[in-house]
$ cat entry04.tsv   # TSV, C-alpha atoms
chain	number	residue	atom	x	y	z
V	1	MET	CA	-36.18	-66.61	-75.06
V	2	ASN	CA	-38.83	-68.59	-73.17
V	3	ARG	CA	-42.39	-69.01	-74.39
V	4	ARG	CA	-43.94	-66.83	-71.71
V	5	LEU	CA	-41.74	-63.88	-72.62
V	6	ARG	CA	-42.31	-64.40	-76.35
V	7	ASN	CA	-46.09	-64.37	-75.84
V	8	ALA	CA	-45.87	-61.27	-73.65
V	9	LEU	CA	-43.81	-59.51	-76.31
V	10	GLU	CA	-46.37	-60.40	-78.97
V	11	GLY	CA	-49.13	-58.89	-76.87
V	12	LEU	CA	-47.08	-55.78	-76.28
V	13	THR	CA	-46.63	-55.01	-79.94
V	14	ASN	CA	-50.39	-55.09	-80.54
V	15	PRO	CA	-51.72	-51.79	-81.96
V	16	ASP	CA	-54.68	-51.75	-79.54
V	17	VAL	CA	-53.73	-49.81	-76.37
V	18	GLU	CA	-56.00	-51.80	-74.05
V	19	ARG	CA	-54.56	-55.10	-75.25
V	20	ARG	CA	-51.09	-53.74	-74.74
V	21	ARG	CA	-52.08	-52.69	-71.25
V	22	ARG	CA	-53.28	-56.21	-70.46
V	23	ALA	CA	-50.10	-57.68	-71.93
V	24	MET	CA	-48.00	-55.55	-69.61
V	25	GLU	CA	-48.52	-57.75	-66.54
V	26	PRO	CA	-47.00	-60.95	-68.01
V	27	PHE	CA	-44.26	-58.86	-69.58
V	28	VAL	CA	-43.37	-57.24	-66.25
V	29	ARG	CA	-43.42	-60.61	-64.49
V	30	ALA	CA	-41.15	-62.13	-67.14
V	31	THR	CA	-38.63	-59.31	-67.33
V	32	PHE	CA	-38.57	-57.53	-63.97
V	33	GLY	CA	-35.73	-59.58	-62.48
V	34	MET	CA	-33.57	-59.26	-65.57
V	35	PHE	CA	-34.13	-55.51	-65.91
V	36	THR	CA	-33.58	-54.81	-62.19
V	37	ARG	CA	-30.30	-56.70	-62.13
V	38	TYR	CA	-29.16	-54.74	-65.14
V	39	LEU	CA	-30.23	-51.36	-63.76
V	40	TYR	CA	-28.65	-52.15	-60.43
V	41	ARG	CA	-25.24	-51.91	-62.09
V	42	TYR	CA	-25.85	-48.22	-62.73
V	43	LEU	CA	-27.80	-47.20	-59.65
V	44	GLY	CA	-26.80	-49.57	-56.85
V	45	ASN	CA	-30.14	-49.01	-55.17
V	46	GLU	CA	-33.36	-51.07	-55.42
V	47	VAL	CA	-35.72	-48.16	-54.78
V	48	GLU	CA	-34.32	-46.09	-57.61
V	49	CYS	CA	-34.31	-49.15	-59.87
V	50	GLU	CA	-38.05	-49.59	-59.23
V	51	ASP	CA	-38.79	-45.93	-59.91
V	52	VAL	CA	-36.87	-45.97	-63.17
V	53	LEU	CA	-38.42	-49.26	-64.24
V	54	GLU	CA	-41.94	-47.95	-63.62
V	55	ASP	CA	-41.32	-45.23	-66.22
V	56	VAL	CA	-39.50	-47.64	-68.53
V	57	TYR	CA	-42.48	-50.03	-68.62
V	58	ALA	CA	-44.90	-47.16	-69.24
V	59	ASP	CA	-42.65	-45.95	-72.08
V	60	ILE	CA	-42.60	-49.44	-73.56
V	61	TRP	CA	-46.40	-49.56	-73.39
V	62	GLU	CA	-46.64	-46.17	-75.08
V	63	ASN	CA	-44.19	-46.90	-77.86
V	64	PRO	CA	-43.34	-50.60	-78.22
V	65	ASP	CA	-42.20	-50.43	-81.87
V	66	ARG	CA	-38.54	-50.97	-80.99
V	67	LEU	CA	-39.35	-54.38	-79.52
V	68	ARG	CA	-41.06	-55.66	-82.65
V	69	ASN	CA	-38.11	-57.59	-84.06
V	70	VAL	CA	-36.55	-58.74	-80.81
V	71	THR	CA	-35.85	-62.47	-80.76
V	72	THR	CA	-33.42	-63.13	-77.91
V	73	GLU	CA	-33.16	-62.01	-74.28
V	74	LYS	CA	-29.81	-60.35	-74.94
V	75	GLN	CA	-31.30	-58.39	-77.80
V	76	LEU	CA	-34.25	-57.42	-75.62
V	77	LEU	CA	-31.97	-56.12	-72.86
V	78	ARG	CA	-29.85	-54.19	-75.31
V	79	THR	CA	-32.86	-52.62	-77.03
V	80	VAL	CA	-34.56	-51.73	-73.76
V	81	TYR	CA	-31.35	-50.15	-72.42
V	82	LEU	CA	-30.66	-48.13	-75.55
V	83	TYR	CA	-34.15	-46.90	-76.29
V	84	TYR	CA	-35.98	-46.82	-72.96
V	85	MET	CA	-33.73	-47.16	-69.89
V	86	ARG	CA	-30.99	-44.80	-70.91
V	87	LYS	CA	-33.34	-41.85	-71.31
V	88	ARG	CA	-34.84	-42.46	-67.88
V	89	LEU	CA	-31.48	-43.11	-66.24
V	90	ARG	CA	-30.23	-39.78	-67.51
V	91	GLU	CA	-33.17	-38.07	-65.85
V	92	VAL	CA	-32.44	-39.52	-62.42
V	93	TYR	CA	-29.79	-37.01	-61.42
V	94	ARG	CA	-30.49	-34.27	-63.98
V	95	ARG	CA	-32.19	-31.98	-61.48
V	96	LEU	CA	-29.39	-32.48	-59.01
V	97	ASN	CA	-26.88	-31.46	-61.64
V	98	ARG	CA	-27.98	-27.83	-61.56
V	99	ASN	CA	-25.88	-27.23	-58.47
V	100	LEU	CA	-22.97	-29.51	-59.35
V	101	TYR	CA	-19.62	-28.89	-60.94
V	102	LEU	CA	-19.79	-31.91	-63.24
V	103	SER	CA	-21.00	-30.95	-66.71
V	104	GLN	CA	-24.22	-32.38	-68.11
V	105	THR	CA	-22.32	-34.49	-70.66
V	106	HIS	CA	-20.04	-36.04	-68.07
V	107	MET	CA	-22.96	-36.63	-65.78
V	108	LYS	CA	-24.70	-38.51	-68.62
V	109	ASN	CA	-21.58	-40.57	-69.22
V	110	LEU	CA	-21.36	-41.44	-65.56
V	111	VAL	CA	-25.01	-42.36	-65.05
V	112	ALA	CA	-26.00	-43.83	-68.40
V	113	PRO	CA	-22.95	-44.41	-70.58
V	114	GLU	CA	-22.67	-45.74	-74.09
V	115	LEU	CA	-23.09	-49.48	-74.23
V	116	GLY	CA	-19.66	-51.14	-74.00
V	117	VAL	CA	-18.98	-54.77	-74.86
V	118	LEU	CA	-18.92	-55.72	-71.18
V	119	GLU	CA	-22.24	-54.07	-70.48
V	120	THR	CA	-24.09	-56.17	-73.02
V	121	MET	CA	-23.12	-59.37	-71.24
V	122	SER	CA	-25.71	-61.25	-69.27
V	123	GLN	CA	-25.36	-61.76	-65.54
V	124	SER	CA	-24.20	-65.37	-65.86
V	125	GLU	CA	-21.71	-64.55	-68.65
V	126	LEU	CA	-20.33	-61.74	-66.54
V	127	ARG	CA	-19.90	-63.90	-63.49
V	128	GLN	CA	-18.11	-66.51	-65.54
V	129	ALA	CA	-15.81	-63.92	-67.16
V	130	LEU	CA	-15.08	-62.33	-63.79
V	131	HIS	CA	-14.31	-65.67	-62.19
V	132	ARG	CA	-11.73	-66.39	-64.87
V	133	THR	CA	-10.14	-62.95	-64.88
V	134	LEU	CA	-9.99	-62.70	-61.09
V	135	GLY	CA	-8.06	-65.94	-61.11
V	136	ARG	CA	-5.40	-64.34	-63.27
V	137	LEU	CA	-4.80	-61.41	-60.91
V	138	LYS	CA	-2.06	-61.28	-58.28
V	139	ALA	CA	-3.14	-62.64	-54.88
V	140	ARG	CA	-3.15	-59.20	-53.25
V	141	GLU	CA	-5.15	-57.60	-56.07
V	142	ARG	CA	-7.66	-60.43	-56.09
V	143	ARG	CA	-8.06	-60.26	-52.31
V	144	ALA	CA	-8.72	-56.49	-52.47
V	145	ILE	CA	-11.41	-56.90	-55.13
V	146	GLU	CA	-13.01	-59.88	-53.40
V	147	LEU	CA	-13.19	-58.02	-50.10
V	148	TRP	CA	-14.65	-54.99	-51.88
V	149	MET	CA	-17.28	-57.25	-53.44
V	150	GLU	CA	-18.12	-58.58	-50.00
V	151	GLY	CA	-19.05	-55.03	-49.06
V	152	MET	CA	-16.05	-54.21	-46.87
V	153	SER	CA	-14.84	-50.66	-46.34
V	154	ASN	CA	-11.43	-49.48	-47.51
V	155	ARG	CA	-10.22	-49.35	-43.91
V	156	ALA	CA	-11.26	-52.96	-43.33
V	157	ILE	CA	-9.55	-54.01	-46.56
V	158	ALA	CA	-6.41	-52.12	-45.48
V	159	ASN	CA	-6.47	-53.93	-42.13
V	160	ASP	CA	-6.81	-57.26	-43.88
V	161	LEU	CA	-3.95	-56.53	-46.26
V	162	ASN	CA	-1.78	-54.93	-43.55
V	163	THR	CA	-1.43	-51.66	-45.41
V	164	THR	CA	-2.76	-48.10	-45.43
V	165	VAL	CA	-6.10	-46.86	-46.77
V	166	GLY	CA	-4.29	-44.75	-49.37
V	167	ALA	CA	-2.41	-47.79	-50.65
V	168	VAL	CA	-5.67	-49.77	-50.85
V	169	LYS	CA	-7.28	-47.01	-52.90
V	170	MET	CA	-4.40	-47.00	-55.34
V	171	LEU	CA	-4.41	-50.81	-55.48
V	172	GLU	CA	-8.15	-50.88	-56.24
V	173	PHE	CA	-7.80	-48.25	-58.95
V	174	ARG	CA	-4.95	-50.06	-60.67
V	175	THR	CA	-6.69	-53.42	-60.33
V	176	MET	CA	-9.90	-52.12	-61.83
V	177	LEU	CA	-8.02	-50.82	-64.85
V	178	LYS	CA	-6.21	-54.14	-65.15
V	179	LEU	CA	-9.46	-56.06	-64.81
V	180	ARG	CA	-11.08	-54.00	-67.52
V	181	LYS	CA	-8.28	-54.77	-69.92
V	182	MET	CA	-8.39	-58.47	-69.04
V	183	LEU	CA	-12.17	-58.61	-69.44
V	184	HIS	CA	-11.92	-56.92	-72.84
V	185	ASP	CA	-9.30	-59.45	-73.88
V	186	TYR	CA	-11.52	-62.23	-72.61
V	187	CYS	CA	-14.57	-61.09	-74.59
V	188	PRO	CA	-13.36	-59.15	-77.64
V	189	GLU	CA	-15.85	-57.06	-79.59
V	190	ASP	CA	-17.78	-58.75	-82.35
N	1	MET	CA	-5.86	-8.37	-38.37
N	2	ILE	CA	-9.58	-9.14	-38.60
N	3	ILE	CA	-9.17	-10.15	-42.22
N	4	VAL	CA	-6.31	-12.51	-41.34
N	5	LEU	CA	-8.38	-14.06	-38.56
N	6	LYS	CA	-11.35	-14.45	-40.89
N	7	ILE	CA	-9.26	-16.11	-43.59
N	8	SER	CA	-7.67	-18.52	-41.12
N	9	TYR	CA	-11.13	-19.31	-39.69
N	10	VAL	CA	-12.49	-20.11	-43.17
N	11	PHE	CA	-9.41	-22.21	-43.89
N	12	LEU	CA	-9.79	-24.16	-40.66
N	13	TRP	CA	-13.54	-24.60	-41.24
N	14	GLU	CA	-12.89	-25.98	-44.70
N	15	GLN	CA	-10.25	-28.31	-43.32
N	16	GLU	CA	-12.64	-29.66	-40.73
N	17	THR	CA	-15.83	-29.94	-42.75
N	18	MET	CA	-14.44	-31.06	-46.10
N	19	PRO	CA	-11.59	-33.44	-45.44
N	20	GLY	CA	-11.96	-35.11	-48.82
N	21	THR	CA	-11.49	-32.07	-51.04
N	22	ASN	CA	-8.84	-32.09	-53.72
N	23	ARG	CA	-8.91	-35.85	-54.09
N	24	GLU	CA	-6.66	-37.52	-56.61
N	25	ILE	CA	-8.16	-39.47	-59.50
N	26	HIS	CA	-7.73	-42.88	-57.84
N	27	GLU	CA	-9.40	-41.60	-54.67
N	28	LEU	CA	-12.26	-40.21	-56.76
N	29	LEU	CA	-12.74	-43.56	-58.45
N	30	VAL	CA	-12.72	-45.45	-55.18
N	31	ASP	CA	-15.23	-43.01	-53.71
N	32	TYR	CA	-17.42	-43.38	-56.81
N	33	THR	CA	-17.32	-47.19	-56.67
N	34	GLY	CA	-18.10	-47.09	-52.96
N	35	ALA	CA	-21.04	-44.77	-53.58
N	36	LEU	CA	-22.28	-46.99	-56.40
N	37	ARG	CA	-22.01	-50.09	-54.23
N	38	ASP	CA	-23.77	-48.49	-51.29
N	39	GLY	CA	-26.41	-46.78	-53.48
N	40	HIS	CA	-25.67	-43.15	-52.66
N	41	ILE	CA	-24.36	-41.64	-55.87
N	42	PRO	CA	-25.98	-38.20	-55.16
N	43	VAL	CA	-23.83	-37.82	-52.03
N	44	PHE	CA	-20.71	-38.50	-54.08
N	45	LEU	CA	-21.80	-36.06	-56.79
N	46	LYS	CA	-22.49	-33.35	-54.23
N	47	SER	CA	-19.10	-33.87	-52.62
N	48	LEU	CA	-17.25	-33.00	-55.84
N	49	THR	CA	-15.40	-29.71	-56.01
N	50	ARG	CA	-14.80	-27.81	-59.22
N	51	GLU	CA	-11.20	-29.06	-59.48
N	52	GLU	CA	-12.19	-32.66	-58.80
N	53	ALA	CA	-14.96	-32.53	-61.41
N	54	HIS	CA	-12.47	-31.13	-63.90
N	55	ARG	CA	-9.94	-33.82	-62.98
N	56	MET	CA	-12.56	-36.53	-63.45
N	57	ALA	CA	-13.71	-35.13	-66.77
N	58	SER	CA	-10.21	-35.04	-68.21
N	59	SER	CA	-9.05	-38.47	-67.05
N	60	GLN	CA	-9.64	-41.32	-69.49
N	61	GLU	CA	-8.45	-43.81	-66.87
N	62	PHE	CA	-11.29	-42.76	-64.60
N	63	TRP	CA	-13.94	-43.40	-67.28
N	64	ASP	CA	-12.37	-46.74	-68.15
N	65	ALA	CA	-12.35	-47.83	-64.53
N	66	THR	CA	-15.99	-46.81	-63.99
N	67	GLU	CA	-16.98	-49.51	-66.47
N	68	THR	CA	-15.30	-52.15	-64.30
N	69	ALA	CA	-16.90	-50.64	-61.21
N	70	ARG	CA	-20.35	-51.08	-62.74
N	71	ILE	CA	-19.55	-54.63	-63.78
N	72	LEU	CA	-18.33	-55.52	-60.29
N	73	ASN	CA	-21.37	-53.86	-58.76
N	74	GLY	CA	-23.67	-55.86	-61.03
N	75	ALA	CA	-21.88	-59.14	-60.51
N	76	GLY	CA	-21.45	-58.75	-56.77
N	77	PHE	CA	-24.60	-57.08	-55.57
N	78	ALA	CA	-27.40	-57.10	-58.16
N	79	ASP	CA	-28.54	-60.58	-57.14
N	80	LYS	CA	-28.72	-59.51	-53.51
N	81	ALA	CA	-31.19	-56.70	-54.26
N	82	VAL	CA	-34.43	-57.17	-52.35
N	83	PRO	CA	-37.27	-57.96	-54.79
N	84	PRO	CA	-40.35	-55.79	-54.37
N	85	ASN	CA	-43.95	-56.89	-53.96
N	86	MET	CA	-44.65	-57.78	-57.58
N	87	SER	CA	-48.42	-57.15	-57.54
N	88	LEU	CA	-47.85	-53.74	-56.01
N	89	PHE	CA	-45.25	-52.89	-58.62
N	90	ILE	CA	-47.54	-54.03	-61.46
N	91	SER	CA	-50.34	-51.86	-60.10
N	92	ARG	CA	-47.92	-48.92	-60.00
N	93	VAL	CA	-47.05	-49.49	-63.66
N	94	ASP	CA	-50.75	-49.80	-64.50
N	95	ALA	CA	-51.52	-46.55	-62.69
N	96	GLU	CA	-48.76	-44.82	-64.66
N	97	ILE	CA	-50.23	-46.18	-67.90
N	98	ALA	CA	-53.72	-45.05	-66.86
N	99	SER	CA	-52.40	-41.59	-66.12
N	100	ARG	CA	-50.74	-41.41	-69.55
N	101	LEU	CA	-53.95	-42.62	-71.20
N	102	LYS	CA	-55.86	-39.91	-69.40
N	103	LYS	CA	-53.35	-37.28	-70.49
N	104	ALA	CA	-53.59	-38.46	-74.10
N	105	LYS	CA	-57.37	-38.14	-73.99
N	106	VAL	CA	-57.32	-34.51	-72.79
N	107	SER	CA	-58.51	-32.21	-75.56
N	108	PRO	CA	-55.92	-29.97	-77.25
N	109	ARG	CA	-57.73	-26.87	-75.88
N	110	ALA	CA	-57.41	-28.07	-72.31
N	111	LYS	CA	-53.86	-29.07	-73.06
N	112	ARG	CA	-53.07	-25.48	-74.00
N	113	ARG	CA	-54.71	-24.25	-70.79
N	114	THR	CA	-52.72	-26.62	-68.64
N	115	GLN	CA	-49.31	-25.87	-70.11
N	116	PRO	CA	-46.56	-26.18	-67.47
N	117	GLU	CA	-45.27	-23.11	-65.70
N	118	PRO	CA	-41.93	-21.81	-67.01
N	119	GLU	CA	-39.21	-23.19	-64.79
N	120	THR	CA	-36.36	-20.72	-64.94
N	121	ARG	CA	-36.26	-16.99	-64.50
N	122	THR	CA	-35.08	-16.50	-68.09
N	123	GLU	CA	-38.01	-18.52	-69.41
N	124	ARG	CA	-40.42	-16.45	-67.33
N	125	LYS	CA	-38.83	-13.25	-68.59
N	126	ALA	CA	-39.04	-14.43	-72.19
N	127	GLU	CA	-42.68	-15.30	-71.73
N	128	ARG	CA	-43.47	-11.91	-70.22
N	129	SER	CA	-41.77	-10.09	-73.09
N	130	ILE	CA	-43.97	-11.96	-75.59

$ encode --input "entry04.tsv" --output "structure tokens"
Amino acid sequence: MNRRLRNALEGLTNPDVERRRRAMEPFVRATFGMFTRYLYRYLGNEVECEDVLEDVYADIWENPDRLRNVTTEKQLLRTVYLYYMRKRLREVYRRLNRNLYLSQTHMKNLVAPELGVLETMSQSELRQALHRTLGRLKARERRAIELWMEGMSNRAIANDLNTTVGAVKMLEFRTMLKLRKMLHDYCPED
Amino acid sequence: MIIVLKISYVFLWEQETMPGTNREIHELLVDYTGALRDGHIPVFLKSLTREEAHRMASSQEFWDATETARILNGAGFADKAVPPNMSLFISRVDAEIASRLKKAKVSPRAKRRTQPEPETRTERKAERSI
């Protein structure tokens, strides 16, 4: 953890509310990028990430006790996700859920799931793990995932692979399951 | 005769307006990952039918694959997210904090007066009966 973030965290855990309020600016500056990248995994949308983060930071200001013993960036991300982000993430689509067929529990699992081993990895660790596991896939599977990650539609992927959209969907589904298994093998739980 | 016509009309209307109903689990996953990537999860959630929601809920493979979808979304697109105006964002956070401070300073009497309206009909009914 860099010095700037450590100092900001110290200010945040101060019992005086005004001091904590002043400490919020350096804390936001030091953590915004990291938190947005993390939230983006769940929301896929910058605007919603900002809205959620606004509440998350206010929650941290209001009750910063959970951050008292944080020493590393990974620990900070994990703590913030478990005690601040998750609650807010679950509220994002709660109102929408009144008219949906998906139950509240499944909605929670979809929007803000339990923290798996892969989800605690930092962005750079993830990229490294993905790079290695993608290399172990079959050429067709790897191509489908790479094209998907470039933002291409299923039809475009099907055109590239000379197959049908239905076959691409099945290929992506199977590959994602395979990738998950490979990633878990690559970074086993502690 | 009219009933038959009506039923066939409804059937045709459903066919035309909801082509994606009764999707299989792999199609549901692909649609979810697409929605996650493009940032329109609510559209995906609204498109679910009762059967599809049930299918999703009971498939462990679907939940396993969503984890990978999130990872891919984070690794592929999170860095491309457009950063906001930082000063503006910090002032938004500060305004939220100020509003919470203000709320905390409101006296308990005023707090009681400004209790939120009951949201559902049942809550309203229950309140009236008290």

$ closest_residue --input "entry04.tsv" --among "V:Asn45, V:Thr72, V:Thr79, V:Asn14" --to "chain N" --atoms "all atoms listed in the file"
V:Asn45

$ closest_residue --input "entry04.tsv" --among "V:Leu39, V:Leu183, V:Ala112, V:Leu12" --to "V:Asn63" --atoms "only C-alpha atoms"
V:Leu12

$ closest_atom_pairs --input "entry04.tsv" --of "chain V" --to "chain N" --cutoff "7 Å" --atoms "only C-alpha atoms" --output "JSON lines"
{"residue": "V:Glu25", "atom": "CA", "partner": "N:Ile90", "partner_atom": "CA", "distance": 6.4}
{"residue": "V:Arg37", "atom": "CA", "partner": "N:Ala78", "partner_atom": "CA", "distance": 4.9}
{"residue": "V:Tyr38", "atom": "CA", "partner": "N:Gly74", "partner_atom": "CA", "distance": 6.9}
{"residue": "V:Tyr40", "atom": "CA", "partner": "N:Ala78", "partner_atom": "CA", "distance": 5.6}
{"residue": "V:Arg41", "atom": "CA", "partner": "N:Gly74", "partner_atom": "CA", "distance": 4.4}
{"residue": "V:Tyr42", "atom": "CA", "partner": "N:Arg70", "partner_atom": "CA", "distance": 6.2}
{"residue": "V:Leu43", "atom": "CA", "partner": "N:Gly39", "partner_atom": "CA", "distance": 6.3}
{"residue": "V:Gly44", "atom": "CA", "partner": "N:Gly39", "partner_atom": "CA", "distance": 4.4}
{"residue": "V:Asn45", "atom": "CA", "partner": "N:Gly39", "partner_atom": "CA", "distance": 4.7}
{"residue": "V:Glu46", "atom": "CA", "partner": "N:Ala81", "partner_atom": "CA", "distance": 6.1}
{"residue": "V:Glu54", "atom": "CA", "partner": "N:Val93", "partner_atom": "CA", "distance": 5.3}
{"residue": "V:Tyr57", "atom": "CA", "partner": "N:Val93", "partner_atom": "CA", "distance": 6.8}
{"residue": "V:Ala58", "atom": "CA", "partner": "N:Ile97", "partner_atom": "CA", "distance": 5.6}
{"residue": "V:Leu100", "atom": "CA", "partner": "N:Lys46", "partner_atom": "CA", "distance": 6.4}
{"residue": "V:Tyr101", "atom": "CA", "partner": "N:Arg50", "partner_atom": "CA", "distance": 5.2}
{"residue": "V:Leu102", "atom": "CA", "partner": "N:Ala53", "partner_atom": "CA", "distance": 5.2}
{"residue": "V:His106", "atom": "CA", "partner": "N:Ala57", "partner_atom": "CA", "distance": 6.5}
{"residue": "V:Gln123", "atom": "CA", "partner": "N:Ala75", "partner_atom": "CA", "distance": 6.7}
{"residue": "V:Leu126", "atom": "CA", "partner": "N:Ala75", "partner_atom": "CA", "distance": 6.7}
{"residue": "V:Arg127", "atom": "CA", "partner": "N:Ala75", "partner_atom": "CA", "distance": 6.0}
{"residue": "V:Met149", "atom": "CA", "partner": "N:Gly76", "partner_atom": "CA", "distance": 5.5}
{"residue": "V:Lys169", "atom": "CA", "partner": "N:Glu27", "partner_atom": "CA", "distance": 6.1}
{"residue": "V:Met170", "atom": "CA", "partner": "N:His26", "partner_atom": "CA", "distance": 5.9}
{"residue": "V:Phe173", "atom": "CA", "partner": "N:His26", "partner_atom": "CA", "distance": 5.5}
{"residue": "V:Met176", "atom": "CA", "partner": "N:Ala65", "partner_atom": "CA", "distance": 5.6}
{"residue": "V:Leu177", "atom": "CA", "partner": "N:Ala65", "partner_atom": "CA", "distance": 5.3}
{"residue": "V:Arg180", "atom": "CA", "partner": "N:Thr68", "partner_atom": "CA", "distance": 5.6}

$ write_last_selection --input "entry04.tsv" --atoms "C-alpha atoms" --output "mmCIF file, in the frame of the given file"
data_model
loop_
_atom_site.group_PDB
_atom_site.id
_atom_site.type_symbol
_atom_site.label_atom_id
_atom_site.label_comp_id
_atom_site.auth_asym_id
_atom_site.auth_seq_id
_atom_site.Cartn_x
_atom_site.Cartn_y
_atom_site.Cartn_z
ATOM 1 C CA GLU V 25 -48.520 -57.750 -66.540
ATOM 2 C CA ARG V 37 -30.300 -56.700 -62.130
ATOM 3 C CA TYR V 38 -29.160 -54.740 -65.140
ATOM 4 C CA TYR V 40 -28.650 -52.150 -60.430
ATOM 5 C CA ARG V 41 -25.240 -51.910 -62.090
ATOM 6 C CA TYR V 42 -25.850 -48.220 -62.730
ATOM 7 C CA LEU V 43 -27.800 -47.200 -59.650
ATOM 8 C CA GLY V 44 -26.800 -49.570 -56.850
ATOM 9 C CA ASN V 45 -30.140 -49.010 -55.170
ATOM 10 C CA GLU V 46 -33.360 -51.070 -55.420
ATOM 11 C CA GLU V 54 -41.940 -47.950 -63.620
ATOM 12 C CA TYR V 57 -42.480 -50.030 -68.620
ATOM 13 C CA ALA V 58 -44.900 -47.160 -69.240
ATOM 14 C CA LEU V 100 -22.970 -29.510 -59.350
ATOM 15 C CA TYR V 101 -19.620 -28.890 -60.940
ATOM 16 C CA LEU V 102 -19.790 -31.910 -63.240
ATOM 17 C CA HIS V 106 -20.040 -36.040 -68.070
ATOM 18 C CA GLN V 123 -25.360 -61.760 -65.540
ATOM 19 C CA LEU V 126 -20.330 -61.740 -66.540
ATOM 20 C CA ARG V 127 -19.900 -63.900 -63.490
ATOM 21 C CA MET V 149 -17.280 -57.250 -53.440
ATOM 22 C CA LYS V 169 -7.280 -47.010 -52.900
ATOM 23 C CA MET V 170 -4.400 -47.000 -55.340
ATOM 24 C CA PHE V 173 -7.800 -48.250 -58.950
ATOM 25 C CA MET V 176 -9.900 -52.120 -61.830
ATOM 26 C CA LEU V 177 -8.020 -50.820 -64.850
ATOM 27 C CA ARG V 180 -11.080 -54.000 -67.520
#

$ residues_around --input "entry04.tsv" --residues "V:Arg20" --least-positions-apart "3" --cutoff "10 Å" --atoms "all atoms listed in the file" --output "PyMOL selection string"
chain V and resi 8-17+23-25+27+60-62+64

$ atom_distance --input "entry04.tsv" --atom1 "atom CA of V:Leu137" --atom2 "atom CA of V:Arg155"
21.5 Å

$ atom_distance --input "entry04.tsv" --atom1 "atom CA of V:Cys49" --atom2 "atom CA of V:Leu96"
17.4 Å

$ residues_around --input "entry04.tsv" --residues "V:Leu161" --least-positions-apart "5" --cutoff "9 Å" --atoms "all atoms listed in the file" --output "ChimeraX atom specification"
/V:140,143-144,156,168

$ atom_distance --input "entry04.tsv" --atom1 "atom CA of V:Leu147" --atom2 "atom CA of N:Asn22"
26.5 Å
